[in-house]
>>> print(open('entry_35.csv').read())   # CSV, C-alpha atoms
chain,number,residue,atom,x,y,z
A,1,MET,CA,61.8,53.9,-48.8
A,2,SER,CA,60.1,56.4,-46.6
A,3,GLU,CA,58.3,59.4,-47.8
A,4,GLY,CA,61.0,61.9,-46.6
A,5,THR,CA,63.9,60.2,-48.5
A,6,SER,CA,62.2,59.7,-51.9
A,7,GLY,CA,62.6,63.4,-52.8
A,8,THR,CA,58.9,64.0,-52.8
A,9,GLY,CA,58.6,65.0,-49.2
A,10,PRO,CA,56.9,68.2,-47.9
A,11,ALA,CA,59.6,70.5,-49.2
A,12,GLY,CA,60.1,68.6,-52.5
A,13,GLY,CA,63.7,67.9,-51.8
A,14,LEU,CA,66.4,68.7,-54.3
A,15,ARG,CA,64.2,68.1,-57.3
A,16,GLY,CA,61.5,70.5,-56.0
A,17,ALA,CA,64.1,73.1,-55.3
A,18,LEU,CA,65.6,72.8,-58.8
A,19,MET,CA,62.1,73.0,-60.3
A,20,ARG,CA,61.3,76.1,-58.3
A,21,ALA,CA,64.6,77.7,-59.3
A,22,GLY,CA,64.1,76.8,-62.9
A,23,GLY,CA,60.5,78.3,-62.8
A,24,ALA,CA,61.8,81.5,-61.2
A,25,ALA,CA,64.5,81.8,-63.9
A,26,VAL,CA,61.9,81.3,-66.7
A,27,GLU,CA,59.6,83.8,-65.1
A,28,LEU,CA,62.6,86.3,-64.8
A,29,VAL,CA,63.4,85.9,-68.5
A,30,ARG,CA,59.7,86.1,-69.5
A,31,THR,CA,59.2,89.4,-67.7
A,32,ARG,CA,62.4,90.9,-69.2
A,33,VAL,CA,61.3,89.8,-72.7
A,34,GLU,CA,57.9,91.4,-72.1
A,35,LEU,CA,59.5,94.6,-71.0
A,36,ALA,CA,61.8,94.7,-74.0
A,37,ALA,CA,58.8,94.0,-76.3
A,38,LEU,CA,56.8,96.8,-74.7
A,39,GLU,CA,59.6,99.3,-75.0
A,40,PHE,CA,60.2,98.3,-78.6
A,41,SER,CA,56.5,98.8,-79.4
A,42,GLU,CA,56.5,102.2,-77.6
A,43,GLU,CA,59.7,103.2,-79.5
A,44,ARG,CA,58.2,102.2,-82.8
A,45,GLU,CA,55.0,104.1,-82.2
A,46,ARG,CA,56.9,107.2,-81.1
A,47,ALA,CA,59.1,107.0,-84.2
A,48,LYS,CA,56.1,106.7,-86.5
A,49,HIS,CA,54.4,109.7,-84.8
A,50,HIS,CA,57.5,111.8,-85.1
A,51,LEU,CA,58.0,110.9,-88.7
A,52,ILE,CA,54.4,111.8,-89.7
A,53,LEU,CA,54.7,115.1,-87.9
A,54,ALA,CA,58.1,115.8,-89.5
A,55,VAL,CA,56.8,115.1,-93.0
A,56,ILE,CA,53.8,117.3,-92.5
A,57,ALA,CA,55.8,120.1,-91.1
A,58,ALA,CA,58.5,119.8,-93.8
A,59,THR,CA,55.9,119.8,-96.6
A,60,PHE,CA,54.2,123.0,-95.4
A,61,PHE,CA,57.3,124.8,-94.4
A,62,ALA,CA,58.7,124.0,-97.9
A,63,PHE,CA,55.7,125.6,-99.5
A,64,ALA,CA,55.9,128.6,-97.2
A,65,VAL,CA,59.6,129.1,-97.9
A,66,LEU,CA,59.0,128.7,-101.6
A,67,CYS,CA,56.3,131.3,-101.7
A,68,ALA,CA,58.3,133.7,-99.5
A,69,SER,CA,61.4,133.3,-101.6
A,70,ALA,CA,59.4,134.0,-104.8
A,71,LEU,CA,57.9,137.0,-103.2
A,72,VAL,CA,61.3,138.5,-102.3
A,73,VAL,CA,62.7,137.9,-105.8
A,74,VAL,CA,59.6,139.4,-107.4
A,75,VAL,CA,59.6,142.5,-105.2
A,76,PHE,CA,63.3,143.2,-105.9
A,77,TRP,CA,63.3,142.0,-109.5
A,78,GLU,CA,63.7,145.4,-111.1
A,79,SER,CA,66.2,146.9,-108.8
A,80,HIS,CA,68.3,144.1,-107.2
A,81,ARG,CA,67.7,141.0,-109.2
A,82,VAL,CA,70.9,139.1,-108.5
A,83,ALA,CA,71.2,140.3,-104.9
A,84,SER,CA,67.7,139.2,-104.0
A,85,ILE,CA,68.3,135.7,-105.5
A,86,ALA,CA,71.7,135.4,-103.7
A,87,ALA,CA,70.1,136.6,-100.4
A,88,VAL,CA,67.3,134.0,-100.6
A,89,THR,CA,69.8,131.3,-101.5
A,90,LEU,CA,72.1,132.2,-98.5
A,91,VAL,CA,69.1,132.2,-96.1
A,92,HIS,CA,68.0,128.8,-97.3
A,93,LEU,CA,71.6,127.5,-96.9
A,94,ALA,CA,71.8,128.8,-93.4
A,95,ILE,CA,68.5,127.2,-92.4
A,96,GLY,CA,69.6,123.9,-93.8
A,97,ILE,CA,72.9,124.0,-92.0
A,98,GLY,CA,71.1,124.9,-88.7
A,99,ALA,CA,68.7,122.0,-89.2
A,100,LEU,CA,71.5,119.5,-89.8
A,101,SER,CA,73.3,120.8,-86.7
A,102,ARG,CA,70.2,120.5,-84.6
A,103,LEU,CA,69.6,116.9,-85.9
A,104,ARG,CA,73.2,115.9,-85.0
A,105,THR,CA,72.9,117.3,-81.5
A,106,GLY,CA,69.6,115.6,-81.0
A,107,GLN,CA,71.0,112.2,-82.0
A,108,ARG,CA,74.0,112.6,-79.7
A,109,THR,CA,72.0,113.5,-76.7
A,110,ALA,CA,69.1,111.0,-77.1
A,111,PRO,CA,68.9,108.3,-74.5
A,112,PRO,CA,69.7,104.8,-75.8
A,113,PRO,CA,66.7,102.7,-76.8
A,114,PHE,CA,65.7,99.9,-74.3
A,115,GLN,CA,67.3,101.7,-71.4
A,116,ALA,CA,64.9,100.3,-68.8
A,117,THR,CA,65.3,96.7,-70.1
A,118,LEU,CA,69.1,97.0,-70.0
A,119,ALA,CA,69.0,98.4,-66.5
A,120,GLU,CA,66.8,95.5,-65.3
A,121,ILE,CA,69.1,93.0,-66.9
A,122,GLU,CA,72.1,94.6,-65.2
A,123,ARG,CA,70.3,94.5,-61.9
A,124,ASP,CA,69.5,90.8,-62.4
A,125,ARG,CA,73.2,90.1,-63.2
A,126,GLN,CA,74.3,91.9,-60.1
A,127,TRP,CA,71.8,90.0,-58.0
A,128,LEU,CA,72.8,86.7,-59.5
A,129,ALA,CA,76.5,87.5,-58.9
A,130,GLY,CA,75.7,88.3,-55.3
A,131,GLU,CA,76.7,91.9,-55.6
A,132,ILE,CA,73.4,93.0,-54.2
A,133,ARG,CA,71.3,91.2,-51.6
A,134,ASP,CA,67.8,91.6,-53.0
A,135,GLY,CA,66.2,92.5,-56.3
A,136,LEU,CA,65.8,96.2,-55.3
A,137,GLY,CA,69.4,97.2,-55.6
A,138,ARG,CA,70.2,97.1,-51.9
>>> encode(input="entry_35.csv", output="structure tokens")
Amino acid sequence: MSEGTSGTGPAGGLRGALMRAGGAAVELVRTRVELAALEFSEERERAKHHLILAVIAATFFAFAVLCASALVVVVFWESHRVASIAAVTLVHLAIGIGALSRLRTGQRTAPPPFQATLAEIERDRQWLAGEIRDGLGR
């Protein structure tokens, strides 16, 4: 057999093309997995940072609210004992309701995690399906 018909010619023939296509597919999957891992790591670090700050803020705000509440009750103890306790309780209730409302709004409007990874995978799907001509979305 000649060198050109054995499948090992200059271009590598069908086997070479399949190996290059397989290598490209593996590289594509590898980069997407790396992107997902990076986004996961960033999301985890951001969540830890937010949790630490939230715990610190909640702790010190709780002490401040407790002291302020005690101060209001002590100031009005002789003249409006029940009214001062009721007012402090209603203020605490309003703040709690407001915080829960804000939390729900934040959860509804937050972008989904791994948004960049999902967008890249969708672009890859479109490219493989022939919906776009190159990997840049054109």
>>> atom_distance(input="entry_35.csv", atom1="atom CA of Pro111 of chain A", atom2="atom CA of Ile95 of chain A")
26.0 Å
>>> atom_distance(input="entry_35.csv", atom1="atom CA of Val55 of chain A", atom2="atom CA of Arg102 of chain A")
16.7 Å
>>> closest_residue(input="entry_35.csv", among="A:Ala47, A:Leu14, A:Glu34, A:Val88", to="Val74 of chain A", atoms="all atoms listed in the file")
A:Val88
>>> closest_residue(input="entry_35.csv", among="A:Phe114, A:Ala94, A:Glu78, A:Ile121", to="Ala37 of chain A", atoms="all atoms listed in the file")
A:Phe114
>>> atom_distance(input="entry_35.csv", atom1="atom CA of Phe63 of chain A", atom2="atom CA of Gln107 of chain A")
26.8 Å
>>> closest_residue(input="entry_35.csv", among="A:Ile132, A:Leu90, A:Ala58, A:Val29", to="Thr117 of chain A", atoms="all atoms listed in the file")
A:Val29
>>> decode(input="entry_35.csv", residues="segment 9-133 of chain A", atoms="C-alpha atoms", output="compact mmCIF listing (two decimals), in the first residue's frame")
# COMPACT_ATOMS: atom_id res chain seq x y z
CA GLY A 9 -0.73 10.41 5.07
CA PRO A 10 0.02 14.10 5.49
CA ALA A 11 -3.48 15.00 6.68
CA GLY A 12 -3.93 11.83 8.76
CA GLY A 13 -6.98 10.68 6.85
CA LEU A 14 -10.23 9.79 8.53
CA ARG A 15 -8.56 8.49 11.67
CA GLY A 16 -6.62 11.72 12.13
CA ALA A 17 -9.73 13.82 11.57
CA LEU A 18 -11.66 11.77 14.12
CA MET A 19 -8.82 12.08 16.62
CA ARG A 20 -8.67 15.85 16.14
CA ALA A 21 -12.47 16.13 16.50
CA GLY A 22 -12.38 13.97 19.63
CA GLY A 23 -9.55 16.06 21.05
CA ALA A 24 -11.47 19.25 20.34
CA ALA A 25 -14.59 17.83 22.01
CA VAL A 26 -12.59 16.81 25.08
CA GLU A 27 -10.99 20.27 25.24
CA LEU A 28 -14.44 21.89 24.92
CA VAL A 29 -15.81 19.82 27.80
CA ARG A 30 -12.70 20.47 29.89
CA THR A 31 -12.95 24.25 29.54
CA ARG A 32 -16.65 24.18 30.42
CA VAL A 33 -15.98 22.06 33.51
CA GLU A 34 -13.19 24.45 34.55
CA LEU A 35 -15.56 27.41 34.13
CA ALA A 36 -18.24 25.68 36.20
CA ALA A 37 -15.70 24.83 38.91
CA LEU A 38 -14.44 28.41 38.99
CA GLU A 39 -17.96 29.82 39.23
CA PHE A 40 -18.82 27.33 41.97
CA SER A 41 -15.74 28.35 43.95
CA GLU A 42 -16.55 32.06 43.55
CA GLU A 43 -20.16 31.48 44.56
CA ARG A 44 -19.09 29.52 47.65
CA GLU A 45 -16.64 32.24 48.73
CA ARG A 46 -19.23 34.97 48.17
CA ALA A 47 -21.80 33.04 50.21
CA LYS A 48 -19.34 32.51 53.07
CA HIS A 49 -18.42 36.20 53.07
CA HIS A 50 -22.08 37.26 53.10
CA LEU A 51 -22.93 34.80 55.86
CA ILE A 52 -20.09 36.01 58.10
CA LEU A 53 -21.07 39.65 57.61
CA ALA A 54 -24.74 38.86 58.18
CA VAL A 55 -24.01 37.05 61.46
CA ILE A 56 -21.82 39.90 62.72
CA ALA A 57 -24.40 42.53 61.75
CA ALA A 58 -27.29 40.54 63.23
CA THR A 59 -25.46 39.99 66.50
CA PHE A 60 -24.59 43.63 67.05
CA PHE A 61 -27.95 44.93 65.83
CA ALA A 62 -29.66 42.53 68.22
CA PHE A 63 -27.65 43.92 71.14
CA ALA A 64 -28.39 47.48 70.06
CA VAL A 65 -32.12 46.81 69.69
CA LEU A 66 -32.22 45.04 73.05
CA CYS A 67 -30.54 47.98 74.79
CA ALA A 68 -32.73 50.55 73.03
CA SER A 69 -35.85 48.57 73.88
CA ALA A 70 -34.86 48.33 77.52
CA LEU A 71 -34.15 52.05 77.56
CA VAL A 72 -37.60 52.91 76.18
CA VAL A 73 -39.35 50.65 78.69
CA VAL A 74 -37.30 52.01 81.62
CA VAL A 75 -37.94 55.66 80.64
CA PHE A 76 -41.70 55.14 80.42
CA TRP A 77 -42.05 52.56 83.23
CA GLU A 78 -43.78 54.87 85.70
CA SER A 79 -46.21 56.60 83.35
CA HIS A 80 -46.92 54.30 80.35
CA ARG A 81 -45.65 50.86 81.24
CA VAL A 82 -47.93 48.76 79.00
CA ALA A 83 -47.93 51.23 76.12
CA SER A 84 -44.11 51.36 76.01
CA ILE A 85 -43.82 47.55 75.97
CA ALA A 86 -46.50 47.33 73.25
CA ALA A 87 -44.79 50.02 71.15
CA VAL A 88 -41.40 48.29 71.40
CA THR A 89 -43.00 44.97 70.45
CA LEU A 90 -44.76 46.49 67.41
CA VAL A 91 -41.55 48.16 66.22
CA HIS A 92 -39.69 44.84 66.49
CA LEU A 93 -42.47 43.09 64.60
CA ALA A 94 -42.42 45.70 61.81
CA ILE A 95 -38.65 45.41 61.43
CA GLY A 96 -38.89 41.60 61.24
CA ILE A 97 -41.62 41.74 58.60
CA GLY A 98 -39.62 44.27 56.58
CA ALA A 99 -36.50 42.11 56.74
CA LEU A 100 -38.38 39.01 55.57
CA SER A 101 -39.95 40.96 52.73
CA ARG A 102 -36.55 42.25 51.64
CA LEU A 103 -35.10 38.74 51.81
CA ARG A 104 -37.84 37.35 49.56
CA THR A 105 -37.36 40.17 47.06
CA GLY A 106 -33.62 39.54 46.99
CA GLN A 107 -34.11 35.83 46.39
CA ARG A 108 -36.55 36.42 43.53
CA THR A 109 -34.35 38.96 41.73
CA ALA A 110 -30.97 37.22 42.21
CA PRO A 111 -29.39 35.89 39.03
CA PRO A 112 -29.23 32.12 38.79
CA PRO A 113 -25.96 30.51 39.81
CA PHE A 114 -23.64 29.31 37.02
CA GLN A 115 -25.19 31.73 34.54
CA ALA A 116 -21.98 32.09 32.49
CA THR A 117 -21.46 28.32 32.31
CA LEU A 118 -25.02 27.72 31.16
CA ALA A 119 -24.69 30.47 28.54
CA GLU A 120 -21.48 28.90 27.19
CA ILE A 121 -23.07 25.46 27.03
CA GLU A 122 -26.07 26.90 25.18
CA ARG A 123 -23.73 28.62 22.69
CA ASP A 124 -21.90 25.31 22.20
CA ARG A 125 -25.20 23.53 21.57
CA GLN A 126 -26.21 26.14 19.00
CA TRP A 127 -22.84 25.91 17.28
CA LEU A 128 -22.97 22.10 17.14
CA ALA A 129 -26.53 22.25 15.80
CA GLY A 130 -25.41 24.62 13.06
CA GLU A 131 -27.58 27.47 14.29
CA ILE A 132 -24.54 29.75 14.40
CA ARG A 133 -21.52 29.67 12.09
